[in-house]
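Notes to accompany the following structure.
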Amino acid sequence: MNRNRLIILYVSFIFLISLVFTGCAPRVAETPGPAGATDKKSIIFTLVGPDGEKTFTMDELKSLPVSEGQAGIISSTGQISIPEPFKGVAIKDLVNSMSVPFDPSMGVTITAVDGYSMTLSYDQVINGSFIAYDPAAGKELPLHDPLTAIIAYERSGGPLNATEEGALRLAVISEKNNQVVDGHWSVKWVNKVEVKTV
């Protein structure tokens with residue numbers, strides 16, 4: 001009887017000690033996903049205006065009016081990336097969602113995670129006034145189809161490449177795949193859109 005009692009006490013003691021050491025063990029931090037990867041509930045960018053700012057998750061961004069079309073670029077060295085399908089939200093729709101006056105004295109600055117930014121004029125945001133080039137020859141087109149600047153979240157039917165583009169990027173789309181724009185209008189890793197006087 002005493003021997004059984006000793007065994008039970010010994011086993012109980014070992015069990016309690018193991019619980020203490022388990023509680024004191026260092027916790028392993030969760031490993032983040034690929035750079036730029038995001039889940040639908042994470043804040044992916046901030047829209048800033050004269051009266052304040054609003055943050056968006058991917059679901060909230062996708063609930064806004066959708067714009068889709070073909071976008072490609074020509075680099076400063078003349079290298080052409082042929083147009084591909086992109087889907088996102090037109091910057092003019094983002095501006096409209098703020099319910100603030102937007103006039104020709106204003107513009108929209110698109111900022112990337114690393115601080116790189118480009119500012120679009122009122123005319124570019126509202127009327128799509130970009131220089132377009134023939135994707136085959138690389139020559140400037142004197143006349144071209146309407147263009148729309150968007151914050152894109154999809155490319156060729158799927159999410160953007162998180163490691164190369166981030167969750168969002170600037171793209172200038174048109175209905176057809178017959179034109180491209182200058183590469184500096186293709187900002188990747190976008191995390192802020194700011195409406196301001198320029």
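In the structure tokens, the first chain shown is A, the next is B, and so on; residue numbers restart at 1 for each chain, and ligands run from 1 in the order shown.
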If you run DSSP over the backbone, which residues in range 19-188 of chain A end up alpha helix (DSSP H)? Put them as an mmCIF file with N, CA, C and O atoms, in the first residue's frame.
data_model
loop_
_atom_site.group_PDB
_atom_site.id
_atom_site.type_symbol
_atom_site.label_atom_id
_atom_site.label_comp_id
_atom_site.auth_asym_id
_atom_site.auth_seq_id
_atom_site.Cartn_x
_atom_site.Cartn_y
_atom_site.Cartn_z
ATOM 1 N N LEU A 19 4.722 20.358 -16.053
ATOM 2 C CA LEU A 19 3.818 21.486 -16.302
ATOM 3 C C LEU A 19 4.519 22.823 -16.064
ATOM 4 O O LEU A 19 4.356 23.773 -16.838
ATOM 5 N N VAL A 20 5.325 22.892 -14.996
ATOM 6 C CA VAL A 20 6.035 24.133 -14.680
ATOM 7 C C VAL A 20 7.008 24.480 -15.802
ATOM 8 O O VAL A 20 7.066 25.609 -16.281
ATOM 9 N N PHE A 21 7.782 23.466 -16.264
ATOM 10 C CA PHE A 21 8.767 23.737 -17.318
ATOM 11 C C PHE A 21 8.109 24.070 -18.649
ATOM 12 O O PHE A 21 8.594 24.890 -19.408
ATOM 13 N N THR A 22 6.966 23.457 -18.918
ATOM 14 C CA THR A 22 6.245 23.771 -20.157
ATOM 15 C C THR A 22 5.763 25.216 -20.141
ATOM 16 O O THR A 22 5.855 25.939 -21.130
ATOM 17 N N GLY A 23 5.276 25.669 -18.994
ATOM 18 C CA GLY A 23 4.799 27.056 -18.883
ATOM 19 C C GLY A 23 5.912 28.062 -19.000
ATOM 20 O O GLY A 23 5.710 29.188 -19.449
ATOM 21 N N CYS A 24 7.133 27.678 -18.617
ATOM 22 C CA CYS A 24 8.267 28.598 -18.673
ATOM 23 C C CYS A 24 9.005 28.569 -20.005
ATOM 24 O O CYS A 24 9.893 29.365 -20.235
ATOM 25 N N MET A 58 -8.532 44.572 -47.488
ATOM 26 C CA MET A 58 -8.756 44.123 -48.860
ATOM 27 C C MET A 58 -10.243 43.954 -49.138
ATOM 28 O O MET A 58 -10.734 44.335 -50.209
ATOM 29 N N ASP A 59 -10.987 43.410 -48.185
ATOM 30 C CA ASP A 59 -12.440 43.248 -48.378
ATOM 31 C C ASP A 59 -13.126 44.592 -48.581
ATOM 32 O O ASP A 59 -14.011 44.726 -49.427
ATOM 33 N N GLU A 60 -12.725 45.598 -47.804
ATOM 34 C CA GLU A 60 -13.334 46.929 -47.928
ATOM 35 C C GLU A 60 -12.992 47.553 -49.274
ATOM 36 O O GLU A 60 -13.839 48.184 -49.903
ATOM 37 N N LEU A 61 -11.761 47.357 -49.726
ATOM 38 C CA LEU A 61 -11.372 47.889 -51.033
ATOM 39 C C LEU A 61 -12.177 47.220 -52.141
ATOM 40 O O LEU A 61 -12.675 47.878 -53.049
ATOM 41 N N LYS A 62 -12.349 45.910 -52.029
ATOM 42 C CA LYS A 62 -13.073 45.173 -53.066
ATOM 43 C C LYS A 62 -14.571 45.464 -53.058
ATOM 44 O O LYS A 62 -15.266 45.127 -54.021
ATOM 45 N N ILE A 91 -8.875 55.422 -59.223
ATOM 46 C CA ILE A 91 -8.489 56.442 -58.249
ATOM 47 C C ILE A 91 -9.577 57.508 -58.135
ATOM 48 O O ILE A 91 -9.848 58.013 -57.046
ATOM 49 N N LYS A 92 -10.255 57.800 -59.242
ATOM 50 C CA LYS A 92 -11.338 58.796 -59.154
ATOM 51 C C LYS A 92 -12.472 58.286 -58.266
ATOM 52 O O LYS A 92 -13.134 59.075 -57.593
ATOM 53 N N ASP A 93 -12.682 56.959 -58.213
ATOM 54 C CA ASP A 93 -13.706 56.412 -57.318
ATOM 55 C C ASP A 93 -13.259 56.482 -55.862
ATOM 56 O O ASP A 93 -14.081 56.684 -54.961
ATOM 57 N N LEU A 94 -11.954 56.317 -55.621
ATOM 58 C CA LEU A 94 -11.436 56.504 -54.263
ATOM 59 C C LEU A 94 -11.638 57.941 -53.808
ATOM 60 O O LEU A 94 -12.048 58.209 -52.681
ATOM 61 N N VAL A 95 -11.345 58.885 -54.716
ATOM 62 C CA VAL A 95 -11.536 60.307 -54.399
ATOM 63 C C VAL A 95 -13.006 60.574 -54.096
ATOM 64 O O VAL A 95 -13.346 61.232 -53.112
ATOM 65 N N ASN A 96 -13.897 60.031 -54.931
ATOM 66 C CA ASN A 96 -15.337 60.236 -54.718
ATOM 67 C C ASN A 96 -15.804 59.656 -53.391
ATOM 68 O O ASN A 96 -16.720 60.191 -52.760
ATOM 69 N N SER A 97 -15.170 58.568 -52.949
ATOM 70 C CA SER A 97 -15.590 57.939 -51.690
ATOM 71 C C SER A 97 -15.300 58.817 -50.483
ATOM 72 O O SER A 97 -15.850 58.605 -49.408
ATOM 73 N N TYR A 122 -4.986 66.280 -61.518
ATOM 74 C CA TYR A 122 -6.447 66.210 -61.611
ATOM 75 C C TYR A 122 -6.858 65.615 -62.954
ATOM 76 O O TYR A 122 -7.723 64.745 -63.032
ATOM 77 N N ASP A 123 -6.230 66.099 -64.033
ATOM 78 C CA ASP A 123 -6.580 65.646 -65.384
ATOM 79 C C ASP A 123 -6.267 64.160 -65.581
ATOM 80 O O ASP A 123 -6.999 63.451 -66.269
ATOM 81 N N GLN A 124 -5.192 63.678 -64.978
ATOM 82 C CA GLN A 124 -4.873 62.254 -65.089
ATOM 83 C C GLN A 124 -5.880 61.404 -64.315
ATOM 84 O O GLN A 124 -6.309 60.352 -64.788
ATOM 85 N N VAL A 125 -6.262 61.873 -63.131
ATOM 86 C CA VAL A 125 -7.216 61.121 -62.303
ATOM 87 C C VAL A 125 -8.595 61.094 -62.947
ATOM 88 O O VAL A 125 -9.225 60.032 -63.063
ATOM 89 N N ILE A 126 -9.089 62.249 -63.377
ATOM 90 C CA ILE A 126 -10.459 62.350 -63.884
ATOM 91 C C ILE A 126 -10.581 61.947 -65.352
ATOM 92 O O ILE A 126 -11.518 61.257 -65.745
ATOM 93 N N ASN A 127 -9.622 62.363 -66.172
ATOM 94 C CA ASN A 127 -9.739 62.159 -67.623
ATOM 95 C C ASN A 127 -8.767 61.139 -68.200
ATOM 96 O O ASN A 127 -8.793 60.879 -69.407
#
Each range 32-77 of chain A residue no farther than 12 Å from range 133-137 of chain A, nearest pair in Å, only C-alpha atoms, as CSV:
residue,atom,partner,partner_atom,distance
A:Gln70,CA,A:Pro135,CA,11.6
A:Ala71,CA,A:Pro135,CA,10.4
A:Gly72,CA,A:Pro135,CA,8.0
A:Ile73,CA,A:Pro135,CA,8.2
A:Ile74,CA,A:Tyr133,CA,7.8
A:Ser75,CA,A:Tyr133,CA,11.1
Can those selected residues be exported to a file as a PDB file, in the first residue's frame so that it contains N, CA, C and O atoms?
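That gives us out.pdb:
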ATOM      1  N   GLN A  70      -6.815  46.393 -69.498  1.00  0.00           N
ATOM      2  CA  GLN A  70      -5.475  45.951 -69.874  1.00  0.00           C
ATOM      3  C   GLN A  70      -4.454  47.037 -69.538  1.00  0.00           C
ATOM      4  O   GLN A  70      -4.684  48.214 -69.818  1.00  0.00           O
ATOM      5  N   ALA A  71      -3.341  46.625 -68.934  1.00  0.00           N
ATOM      6  CA  ALA A  71      -2.280  47.592 -68.597  1.00  0.00           C
ATOM      7  C   ALA A  71      -0.914  47.003 -68.901  1.00  0.00           C
ATOM      8  O   ALA A  71      -0.649  45.835 -68.631  1.00  0.00           O
ATOM      9  N   GLY A  72      -0.068  47.841 -69.483  1.00  0.00           N
ATOM     10  CA  GLY A  72       1.318  47.479 -69.751  1.00  0.00           C
ATOM     11  C   GLY A  72       2.164  48.731 -69.675  1.00  0.00           C
ATOM     12  O   GLY A  72       1.640  49.846 -69.617  1.00  0.00           O
ATOM     13  N   ILE A  73       3.481  48.554 -69.659  1.00  0.00           N
ATOM     14  CA  ILE A  73       4.367  49.718 -69.529  1.00  0.00           C
ATOM     15  C   ILE A  73       5.512  49.657 -70.534  1.00  0.00           C
ATOM     16  O   ILE A  73       5.837  48.600 -71.075  1.00  0.00           O
ATOM     17  N   ILE A  74       6.115  50.823 -70.724  1.00  0.00           N
ATOM     18  CA  ILE A  74       7.361  50.928 -71.466  1.00  0.00           C
ATOM     19  C   ILE A  74       8.367  51.580 -70.525  1.00  0.00           C
ATOM     20  O   ILE A  74       8.085  52.610 -69.909  1.00  0.00           O
ATOM     21  N   SER A  75       9.526  50.948 -70.370  1.00  0.00           N
ATOM     22  CA  SER A  75      10.532  51.462 -69.437  1.00  0.00           C
ATOM     23  C   SER A  75      11.296  52.614 -70.069  1.00  0.00           C
ATOM     24  O   SER A  75      11.184  52.883 -71.266  1.00  0.00           O
TER      25      SER A  75
END
Would you mind listing, for every residue of range 92-134 of chain A within 10 Å of range 166-176 of chain A, the two atoms forming the shortest contact and the distance between them in Å to one decimal, using only C-alpha atoms, sorted by chain and ascending residue number, as JSON lines?
{"residue": "A:Ile110", "atom": "CA", "partner": "A:Leu170", "partner_atom": "CA", "distance": 7.7}
{"residue": "A:Thr111", "atom": "CA", "partner": "A:Leu170", "partner_atom": "CA", "distance": 9.6}
{"residue": "A:Ala112", "atom": "CA", "partner": "A:Arg169", "partner_atom": "CA", "distance": 8.4}
{"residue": "A:Val113", "atom": "CA", "partner": "A:Gly166", "partner_atom": "CA", "distance": 8.9}
{"residue": "A:Met118", "atom": "CA", "partner": "A:Leu170", "partner_atom": "CA", "distance": 9.7}
{"residue": "A:Gln124", "atom": "CA", "partner": "A:Val172", "partner_atom": "CA", "distance": 9.9}
{"residue": "A:Gly128", "atom": "CA", "partner": "A:Val172", "partner_atom": "CA", "distance": 8.2}
{"residue": "A:Phe130", "atom": "CA", "partner": "A:Val172", "partner_atom": "CA", "distance": 8.6}
{"residue": "A:Ala132", "atom": "CA", "partner": "A:Val172", "partner_atom": "CA", "distance": 9.9}
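Shortest separation to Val100 in chain A among A:Leu160, A:Asn177, A:Glu53, A:Asp182 occurs at residue A:Glu53, atoms counted being only C-alpha atoms.
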What lies within 7 Å of Val193 in chain A using only C-alpha atoms, ignoring chain neighbours under 4 positions off, as a list in words?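 In the requested format, the answer is Thr46, Leu47, Val48, Val108, Thr109, Ile110 and Thr111 of chain A.
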Next, dump the selected residues to file, keeping only all heavy atoms, as a tab-separated table (two decimals), in the first residue's frame.
chain	number	residue	atom	x	y	z
A	46	THR	N	-3.96	53.29	-46.68
A	46	THR	CA	-4.64	54.42	-46.06
A	46	THR	C	-4.98	55.44	-47.14
A	46	THR	O	-4.13	55.78	-47.97
A	46	THR	CB	-3.75	55.07	-45.00
A	46	THR	OG1	-3.39	54.08	-44.04
A	46	THR	CG2	-4.47	56.20	-44.29
A	47	LEU	N	-6.20	55.92	-47.13
A	47	LEU	CA	-6.65	56.99	-48.01
A	47	LEU	C	-6.70	58.27	-47.20
A	47	LEU	O	-7.41	58.34	-46.20
A	47	LEU	CB	-8.03	56.65	-48.58
A	47	LEU	CG	-8.69	57.66	-49.51
A	47	LEU	CD1	-7.85	57.92	-50.75
A	47	LEU	CD2	-10.09	57.18	-49.91
A	48	VAL	N	-5.91	59.26	-47.62
A	48	VAL	CA	-5.77	60.51	-46.86
A	48	VAL	C	-6.38	61.65	-47.67
A	48	VAL	O	-6.15	61.76	-48.87
A	48	VAL	CB	-4.29	60.81	-46.56
A	48	VAL	CG1	-4.16	62.10	-45.74
A	48	VAL	CG2	-3.64	59.65	-45.83
A	108	VAL	N	-3.41	63.65	-56.71
A	108	VAL	CA	-3.41	62.47	-55.85
A	108	VAL	C	-2.00	61.89	-55.83
A	108	VAL	O	-1.44	61.57	-56.88
A	108	VAL	CB	-4.41	61.41	-56.35
A	108	VAL	CG1	-4.33	60.15	-55.50
A	108	VAL	CG2	-5.83	61.97	-56.34
A	109	THR	N	-1.43	61.76	-54.65
A	109	THR	CA	-0.09	61.18	-54.50
A	109	THR	C	-0.23	59.72	-54.09
A	109	THR	O	-0.91	59.39	-53.12
A	109	THR	CB	0.73	61.95	-53.45
A	109	THR	OG1	0.88	63.30	-53.89
A	109	THR	CG2	2.10	61.32	-53.26
A	110	ILE	N	0.43	58.87	-54.86
A	110	ILE	CA	0.43	57.43	-54.61
A	110	ILE	C	1.78	57.09	-53.97
A	110	ILE	O	2.83	57.37	-54.55
A	110	ILE	CB	0.28	56.63	-55.92
A	110	ILE	CG1	-0.85	57.19	-56.79
A	110	ILE	CG2	0.13	55.14	-55.64
A	110	ILE	CD1	-2.21	57.12	-56.21
A	111	THR	N	1.76	56.51	-52.78
A	111	THR	CA	3.00	56.23	-52.05
A	111	THR	C	3.16	54.73	-51.80
A	111	THR	O	2.21	54.05	-51.45
A	111	THR	CB	3.02	56.98	-50.70
A	111	THR	OG1	2.83	58.38	-50.96
A	111	THR	CG2	4.33	56.78	-49.97
Using the chain letters and numbers from this document, which residues of range 41-191 of chain A does DSSP assign to strand (DSSP E or B), as a PyMOL selection string? chain A and resi 43-49+52-57+67-74+80-90+106-112+117-121+132-133+140+148-155+158-159+169-174+180-182+190-191
Take CA of His144 in chain A and CA of Val89 in chain A and report the distance between them in Å, one decimal.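 That distance, rounded to one decimal, is 21.6 Å.
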Tell me, in Å to one decimal, how far CA of Asp145 in chain A is from CA of Leu64 in chain A. 24.2 Å
For the atom pair CA of Val190 in chain A and CA of Ser99 in chain A, what is the interatomic distance in Å to one decimal place?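 Separation between CA of Val190 in chain A and CA of Ser99 in chain A: 22.0 Å.
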Which of these, A:Ala152, A:Ile43, A:Leu141, A:Leu147, has the shortest distance to Pro85 in chain A once you count only C-alpha atoms? A:Ala152
